[in-house]
Amino acid sequence: MLKIDGLTYKFGKKAAVDCLSFEFTNGVYGLLGPNGSGKTTLIKLINGLLTPTSGSLTVCGGAPGVETKKVVAYLPDSN
């Protein structure tokens, strides 16, 4: 369902997500970590709200976009 390979996202020179790789096939997962560890950035990358600096990310075999929004949702607590 979700495959991430060498995913990196940088805000200027600071890496919010740095060379992350994993694969989830099915189930329910959560992200845990301290403030500033890249959880929200990763969620925004998965939803296609941000574009990776490098690496690849697929949701159900495709790049994040209109079709993947059918299986992945993001509801922020503020705009």
# chains A, B, ... in the order shown; residues from 1 in each chain; ligands from 1
$ residues_around --residues "A:Val17" --least-positions-apart "6" --cutoff "9 Å" --atoms "only C-alpha atoms" --output "list in words"
Leu7, Thr8, Tyr9, Lys10, Ser37, Gly38, Lys39, Thr41 and Leu42 of chain A
$ residues_around --residues "A:Pro52" --least-positions-apart "5" --cutoff "12 Å" --atoms "only C-alpha atoms" --output "list in words"
Ile4, Asp5, Gly6, Leu7, Thr8, Tyr9, Lys10, Phe11, Ala15, Ala16, Val17, Asp18, Cys19, Leu20, Thr41, Leu42, Ile43, Lys44, Leu45, Ile46, Asn47, Leu57, Thr58, Ala63 and Pro64 of chain A
$ write_last_selection --atoms "C-alpha atoms" --output "short mmCIF file (atom, residue, chain, number, x, y, z; two decimals), in the first residue's frame"
data_model
loop_
_atom_site.label_atom_id
_atom_site.label_comp_id
_atom_site.auth_asym_id
_atom_site.auth_seq_id
_atom_site.Cartn_x
_atom_site.Cartn_y
_atom_site.Cartn_z
CA ILE A 4 9.03 4.81 0.49
CA ASP A 5 12.59 4.53 -0.81
CA GLY A 6 15.33 6.99 0.10
CA LEU A 7 12.80 9.78 0.70
CA THR A 8 14.28 13.16 1.61
CA TYR A 9 12.60 16.52 2.07
CA LYS A 10 14.53 19.66 2.93
CA PHE A 11 13.42 23.09 4.10
CA ALA A 15 16.35 18.00 6.27
CA ALA A 16 12.91 17.38 7.80
CA VAL A 17 12.90 13.82 6.38
CA ASP A 18 16.31 12.33 5.57
CA CYS A 19 16.76 9.20 3.43
CA LEU A 20 13.72 7.35 4.82
CA THR A 41 6.11 16.57 6.76
CA LEU A 42 5.92 12.83 5.99
CA ILE A 43 2.11 12.92 6.06
CA LYS A 44 2.09 15.91 3.69
CA LEU A 45 4.47 14.07 1.34
CA ILE A 46 2.24 10.98 1.35
CA ASN A 47 -0.78 13.17 0.54
CA LEU A 57 7.12 7.46 -2.69
CA THR A 58 4.20 5.39 -3.99
CA ALA A 63 2.59 8.67 -7.10
CA PRO A 64 0.58 10.77 -4.63
#
$ atom_distance --atom1 "atom CA of A:Gly36" --atom2 "atom CA of A:Phe24"
23.1 Å
$ select_by_dssp --residues "chain A" --states "alpha helix (DSSP H)" --output "VMD selection string"
chain A and resid 39 to 46
$ select_by_dssp --residues "chain A" --states "strand (DSSP E)" --output "ChimeraX atom specification"
/A:2-11,14-24,54-59
$ write_last_selection --atoms "N, CA, C and O atoms" --output "compact mmCIF listing (two decimals), in the first residue's frame"
# COMPACT_ATOMS: atom_id res chain seq x y z
N LEU A 2 1.91 1.31 0.82
CA LEU A 2 2.78 2.49 0.89
C LEU A 2 4.23 2.02 0.80
O LEU A 2 4.67 1.18 1.58
N LYS A 3 4.96 2.58 -0.16
CA LYS A 3 6.37 2.24 -0.32
C LYS A 3 7.18 3.52 -0.42
O LYS A 3 6.88 4.39 -1.25
N ILE A 4 8.17 3.64 0.44
CA ILE A 4 9.03 4.81 0.49
C ILE A 4 10.47 4.33 0.35
O ILE A 4 10.89 3.40 1.05
N ASP A 5 11.21 4.95 -0.56
CA ASP A 5 12.59 4.53 -0.81
C ASP A 5 13.51 5.74 -0.91
O ASP A 5 13.43 6.51 -1.86
N GLY A 6 14.36 5.91 0.10
CA GLY A 6 15.33 6.99 0.10
C GLY A 6 14.71 8.38 0.11
O GLY A 6 15.29 9.33 -0.41
N LEU A 7 13.55 8.52 0.72
CA LEU A 7 12.80 9.78 0.70
C LEU A 7 13.49 10.85 1.54
O LEU A 7 13.84 10.63 2.70
N THR A 8 13.69 12.01 0.93
CA THR A 8 14.28 13.16 1.61
C THR A 8 13.47 14.40 1.27
O THR A 8 13.04 14.57 0.13
N TYR A 9 13.24 15.23 2.29
CA TYR A 9 12.60 16.52 2.07
C TYR A 9 13.35 17.55 2.89
O TYR A 9 13.55 17.37 4.10
N LYS A 10 13.77 18.63 2.24
CA LYS A 10 14.53 19.66 2.93
C LYS A 10 13.80 20.99 2.88
O LYS A 10 13.21 21.35 1.87
N PHE A 11 13.84 21.69 4.01
CA PHE A 11 13.42 23.09 4.10
C PHE A 11 14.72 23.88 4.05
O PHE A 11 15.41 23.98 5.06
N LYS A 14 18.00 22.43 5.88
CA LYS A 14 17.59 21.53 6.97
C LYS A 14 16.71 20.40 6.44
O LYS A 14 15.69 20.64 5.81
N ALA A 15 17.12 19.16 6.70
CA ALA A 15 16.35 18.00 6.27
C ALA A 15 15.28 17.68 7.32
O ALA A 15 15.60 17.38 8.47
N ALA A 16 14.01 17.75 6.91
CA ALA A 16 12.91 17.38 7.80
C ALA A 16 12.70 15.87 7.76
O ALA A 16 12.35 15.25 8.75
N VAL A 17 12.92 15.28 6.59
CA VAL A 17 12.90 13.82 6.38
C VAL A 17 14.18 13.51 5.63
O VAL A 17 14.47 14.13 4.61
N ASP A 18 14.98 12.57 6.14
CA ASP A 18 16.31 12.33 5.57
C ASP A 18 16.52 10.86 5.24
O ASP A 18 16.70 10.03 6.13
N CYS A 19 16.46 10.54 3.96
CA CYS A 19 16.76 9.20 3.43
C CYS A 19 15.94 8.10 4.13
O CYS A 19 16.47 7.11 4.60
N LEU A 20 14.64 8.28 4.17
CA LEU A 20 13.72 7.35 4.82
C LEU A 20 13.29 6.26 3.85
O LEU A 20 12.96 6.54 2.70
N SER A 21 13.33 5.02 4.30
CA SER A 21 12.90 3.88 3.47
C SER A 21 12.10 2.90 4.32
O SER A 21 12.53 2.52 5.41
N PHE A 22 10.93 2.50 3.83
CA PHE A 22 10.12 1.44 4.44
C PHE A 22 8.98 1.07 3.51
O PHE A 22 8.73 1.76 2.52
N GLU A 23 8.29 -0.01 3.85
CA GLU A 23 7.14 -0.44 3.06
C GLU A 23 6.07 -1.00 3.99
O GLU A 23 6.37 -1.80 4.87
N PHE A 24 4.84 -0.53 3.80
CA PHE A 24 3.68 -1.05 4.53
C PHE A 24 2.78 -1.73 3.51
O PHE A 24 2.45 -1.15 2.48
N SER A 54 14.25 14.40 -2.80
CA SER A 54 14.80 13.25 -3.51
C SER A 54 14.15 11.98 -2.98
O SER A 54 13.44 12.00 -1.98
N GLY A 55 14.39 10.87 -3.67
CA GLY A 55 13.80 9.60 -3.29
C GLY A 55 12.46 9.39 -3.96
O GLY A 55 12.02 10.20 -4.78
N SER A 56 11.81 8.29 -3.61
CA SER A 56 10.53 7.97 -4.23
C SER A 56 9.50 7.56 -3.18
O SER A 56 9.84 7.10 -2.09
N LEU A 57 8.24 7.74 -3.57
CA LEU A 57 7.12 7.46 -2.69
C LEU A 57 5.95 7.02 -3.56
O LEU A 57 5.59 7.70 -4.52
N THR A 58 5.39 5.85 -3.27
CA THR A 58 4.20 5.39 -3.99
C THR A 58 3.12 4.97 -3.00
O THR A 58 3.41 4.40 -1.95
N VAL A 59 1.90 5.26 -3.36
CA VAL A 59 0.72 4.88 -2.58
C VAL A 59 -0.13 4.02 -3.51
O VAL A 59 -0.54 4.47 -4.57
$ atom_distance --atom1 "atom CA of A:Val71" --atom2 "atom CA of A:Asn26"
11.7 Å
$ residues_around --residues "stretch 76-78 of chain A" --least-positions-apart "2" --cutoff "10 Å" --atoms "only C-alpha atoms" --output "list in words"
Thr40, Lys44, Ala73 and Tyr74 of chain A
$ atom_distance --atom1 "atom CA of A:Gly62" --atom2 "atom CA of A:Lys13"
28.3 Å
$ decode --residues "stretch 30-66 of chain A" --atoms "N, CA, C and O atoms" --output "CSV table (one decimal), in the first residue's frame"
chain,number,residue,atom,x,y,z
A,30,GLY,N,0.7,4.2,12.9
A,30,GLY,CA,0.7,5.5,13.5
A,30,GLY,C,2.2,6.0,13.5
A,30,GLY,O,3.1,5.2,13.4
A,31,LEU,N,2.3,7.3,13.5
A,31,LEU,CA,3.6,7.9,13.6
A,31,LEU,C,3.8,8.5,15.0
A,31,LEU,O,3.0,9.3,15.5
A,32,LEU,N,4.9,8.1,15.6
A,32,LEU,CA,5.3,8.6,16.9
A,32,LEU,C,6.6,9.3,16.9
A,32,LEU,O,7.5,8.9,16.1
A,33,GLY,N,6.8,10.4,17.6
A,33,GLY,CA,8.1,11.0,17.7
A,33,GLY,C,7.9,12.4,18.3
A,33,GLY,O,6.8,12.9,18.4
A,34,PRO,N,9.0,13.0,18.7
A,34,PRO,CA,9.0,14.3,19.3
A,34,PRO,C,8.6,15.4,18.3
A,34,PRO,O,8.7,15.2,17.1
A,35,ASN,N,8.3,16.6,18.8
A,35,ASN,CA,8.1,17.7,17.9
A,35,ASN,C,9.3,18.0,17.1
A,35,ASN,O,10.4,17.8,17.5
A,36,GLY,N,9.0,18.2,15.8
A,36,GLY,CA,10.1,18.5,14.9
A,36,GLY,C,10.8,17.3,14.3
A,36,GLY,O,11.9,17.5,13.6
A,37,SER,N,10.3,16.1,14.5
A,37,SER,CA,10.9,14.9,14.0
A,37,SER,C,10.5,14.6,12.5
A,37,SER,O,11.0,13.6,12.0
A,38,GLY,N,9.6,15.3,11.9
A,38,GLY,CA,9.2,15.1,10.5
A,38,GLY,C,7.9,14.4,10.3
A,38,GLY,O,7.6,14.0,9.2
A,39,LYS,N,7.1,14.1,11.3
A,39,LYS,CA,5.9,13.4,11.2
A,39,LYS,C,4.9,14.1,10.3
A,39,LYS,O,4.4,13.5,9.3
A,40,THR,N,4.6,15.4,10.5
A,40,THR,CA,3.7,16.1,9.6
A,40,THR,C,4.2,16.2,8.2
A,40,THR,O,3.5,16.1,7.3
A,41,THR,N,5.5,16.5,8.1
A,41,THR,CA,6.1,16.6,6.8
A,41,THR,C,5.9,15.3,6.0
A,41,THR,O,5.6,15.3,4.8
A,42,LEU,N,6.1,14.1,6.6
A,42,LEU,CA,5.9,12.8,6.0
A,42,LEU,C,4.5,12.7,5.6
A,42,LEU,O,4.2,12.2,4.4
A,43,ILE,N,3.5,13.0,6.4
A,43,ILE,CA,2.1,12.9,6.1
A,43,ILE,C,1.8,13.8,4.9
A,43,ILE,O,1.1,13.4,3.9
A,44,LYS,N,2.3,15.0,4.8
A,44,LYS,CA,2.1,15.9,3.7
A,44,LYS,C,2.7,15.4,2.4
A,44,LYS,O,2.2,15.5,1.3
A,45,LEU,N,3.9,14.7,2.5
A,45,LEU,CA,4.5,14.1,1.3
A,45,LEU,C,3.6,12.9,0.8
A,45,LEU,O,3.4,12.8,-0.4
A,46,ILE,N,3.1,12.1,1.7
A,46,ILE,CA,2.2,11.0,1.4
A,46,ILE,C,1.0,11.5,0.7
A,46,ILE,O,0.5,10.9,-0.3
A,47,ASN,N,0.4,12.6,1.1
A,47,ASN,CA,-0.8,13.2,0.5
A,47,ASN,C,-0.6,14.0,-0.7
A,47,ASN,O,-1.5,14.5,-1.3
A,48,GLY,N,0.7,14.2,-1.1
A,48,GLY,CA,1.0,15.0,-2.3
A,48,GLY,C,0.9,16.5,-2.0
A,48,GLY,O,0.9,17.3,-3.0
A,49,LEU,N,0.9,16.9,-0.8
A,49,LEU,CA,0.9,18.4,-0.5
A,49,LEU,C,2.3,19.0,-0.6
A,49,LEU,O,2.4,20.2,-0.7
A,50,LEU,N,3.3,18.1,-0.4
A,50,LEU,CA,4.7,18.5,-0.6
A,50,LEU,C,5.3,17.6,-1.6
A,50,LEU,O,4.9,16.4,-1.8
A,51,THR,N,6.4,18.1,-2.3
A,51,THR,CA,7.1,17.3,-3.3
A,51,THR,C,8.4,16.9,-2.7
A,51,THR,O,9.2,17.8,-2.2
A,52,PRO,N,8.8,15.6,-2.7
A,52,PRO,CA,10.1,15.2,-2.1
A,52,PRO,C,11.3,15.9,-2.8
A,52,PRO,O,11.3,16.2,-4.0
A,53,THR,N,12.3,16.2,-2.0
A,53,THR,CA,13.6,16.7,-2.5
A,53,THR,C,14.3,15.6,-3.3
A,53,THR,O,14.8,15.9,-4.4
A,54,SER,N,14.2,14.4,-2.8
A,54,SER,CA,14.8,13.2,-3.5
A,54,SER,C,14.1,12.0,-3.0
A,54,SER,O,13.4,12.0,-2.0
A,55,GLY,N,14.4,10.9,-3.7
A,55,GLY,CA,13.8,9.6,-3.3
A,55,GLY,C,12.5,9.4,-4.0
A,55,GLY,O,12.0,10.2,-4.8
A,56,SER,N,11.8,8.3,-3.6
A,56,SER,CA,10.5,8.0,-4.2
A,56,SER,C,9.5,7.6,-3.2
A,56,SER,O,9.8,7.1,-2.1
A,57,LEU,N,8.2,7.7,-3.6
A,57,LEU,CA,7.1,7.5,-2.7
A,57,LEU,C,6.0,7.0,-3.6
A,57,LEU,O,5.6,7.7,-4.5
A,58,THR,N,5.4,5.8,-3.3
A,58,THR,CA,4.2,5.4,-4.0
A,58,THR,C,3.1,5.0,-3.0
A,58,THR,O,3.4,4.4,-1.9
A,59,VAL,N,1.9,5.3,-3.4
A,59,VAL,CA,0.7,4.9,-2.6
A,59,VAL,C,-0.1,4.0,-3.5
A,59,VAL,O,-0.5,4.5,-4.6
A,60,CYS,N,-0.4,2.8,-3.1
A,60,CYS,CA,-1.1,1.8,-4.0
A,60,CYS,C,-0.5,1.7,-5.4
A,60,CYS,O,-1.2,1.7,-6.4
A,61,GLY,N,0.8,1.8,-5.5
A,61,GLY,CA,1.5,1.7,-6.7
A,61,GLY,C,1.6,2.9,-7.6
A,61,GLY,O,2.2,2.9,-8.6
A,62,GLY,N,1.1,4.0,-7.1
A,62,GLY,CA,1.2,5.3,-7.9
A,62,GLY,C,1.7,6.4,-7.1
A,62,GLY,O,1.7,6.4,-5.8
A,63,ALA,N,2.1,7.5,-7.8
A,63,ALA,CA,2.6,8.7,-7.1
A,63,ALA,C,1.4,9.4,-6.4
A,63,ALA,O,0.3,9.3,-6.9
A,64,PRO,N,1.7,10.0,-5.3
A,64,PRO,CA,0.6,10.8,-4.6
A,64,PRO,C,-0.1,11.7,-5.6
A,64,PRO,O,0.6,12.5,-6.3
A,65,GLY,N,-1.4,11.7,-5.6
A,65,GLY,CA,-2.2,12.6,-6.5
A,65,GLY,C,-3.7,12.4,-6.3
A,65,GLY,O,-4.1,11.9,-5.2
A,66,VAL,N,-4.4,12.7,-7.3
A,66,VAL,CA,-5.9,12.7,-7.2
A,66,VAL,C,-6.4,11.3,-6.9
A,66,VAL,O,-7.2,11.1,-6.0
